[in-house]
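Some notes on the structure that comes next.
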Amino acid sequence: MDAAGSDASPDPAPPAPPSTPTNGAEMLPRRRFFSRLSTAVSAAAAVIVGVPFIGFLVAPLVRRVPREWRAVGPVDRFAVGETVSVTFQDASPLPWSGVTARTAAWLRRTEDGGFTAFSVNCTHLGCPVQWIADARLFLCPCHGGVYNADGTVAAGPPPRPLGEYPVRVRSGRVEILTSPIPFA
Ligand code: FES
């Protein structure tokens, strides 16, 4: 009994302070949540940025190659019977092609007034063939392939004749129809 003569029980213990964010056990789920949120946001950003970029790189490789008529010079520039090299722009240059977008053909003006254009690419492995006017042959420097003047195989490893581009004359100019390489 105390001095006042009271026998009341002692004061109850003060309530425990509310838990605070510094409690390690409770911080863990929050950290995990923000970590996952950050990962998800990063992944979403990568998809948003990456998909168009990959599409930009891949689309030119899979789309159908268009064919275009390209002027290679006025008709009177070409002498009958001569075979000369002409260059023109590929129909489907990739955005990053640069100068490699230009391709070439061996163009011959024939006796009947028409034109024949041979691909410069050897049908073996694609090396550029050279026209040897004296021998009237196309020679491939890579593995010794030889083609006759009409593009047929004369010797060596080429499995097929040289590809031929369609040619036409419009408004006094010779035009070549671009084609996918290698020729089908
Ligand atoms: S690439 Fe022409 S013979 Fe091989």
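Chain labels follow the order of the structure tokens: the first chain is A, the next B, and so on; residue numbering restarts at 1 in every chain, and ligands are counted from 1 in their shown order.
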**OP:** Could the residues that lie within 8 Å of ligand 1, counting only C-alpha atoms and all ligand atoms, be listed as a list in words?
**Re:**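 Those residues are Asn121, Cys122, Thr123, His124, Leu125, Gly126, Cys127, Pro128, Val129, Leu139, Cys140, Pro141, Cys142, His143, Gly144, Gly145, Val146, Gly156, Pro157 and Pro158 of chain A.
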Subject >> Residues within 10 Å of Ser119 of chain A, only C-alpha atoms, excluding chain neighbours under 5 positions, as a PyMOL selection string >> reply: chain A and resi 103-107+126+128-129+151+161-165+179+181-183
**OP:** Would you return as a VMD selection string the members of segment 25-179 of chain A that DSSP assigns to helix (DSSP H, G or I) on this structure's backbone?
**Re:** chain A and resid 25 to 62 75 to 77 98 to 101
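Proximity to segment 82-93 of chain A at 7 Å, evaluated using only C-alpha atoms and with sequence-adjacent residues fewer than 4 positions away removed, yields Val65, Pro66, Arg67, Glu68, Arg70, Val72, Ser97, Ala101, Arg102, Thr103, Ala104, Ala105, Trp106, Leu107, Arg108, Arg109 and Thr178 of chain A.
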**OP:** Assign secondary structure with DSSP using the backbone only, and return the residues of segment 28-183 of chain A in strand (DSSP E) as an MDAnalysis selection string.
**Re:** chainID A and resid 69:74 83:89 102:109 115:119 130:132 137:139 146:148 153:155 164:165 167:170 173:177
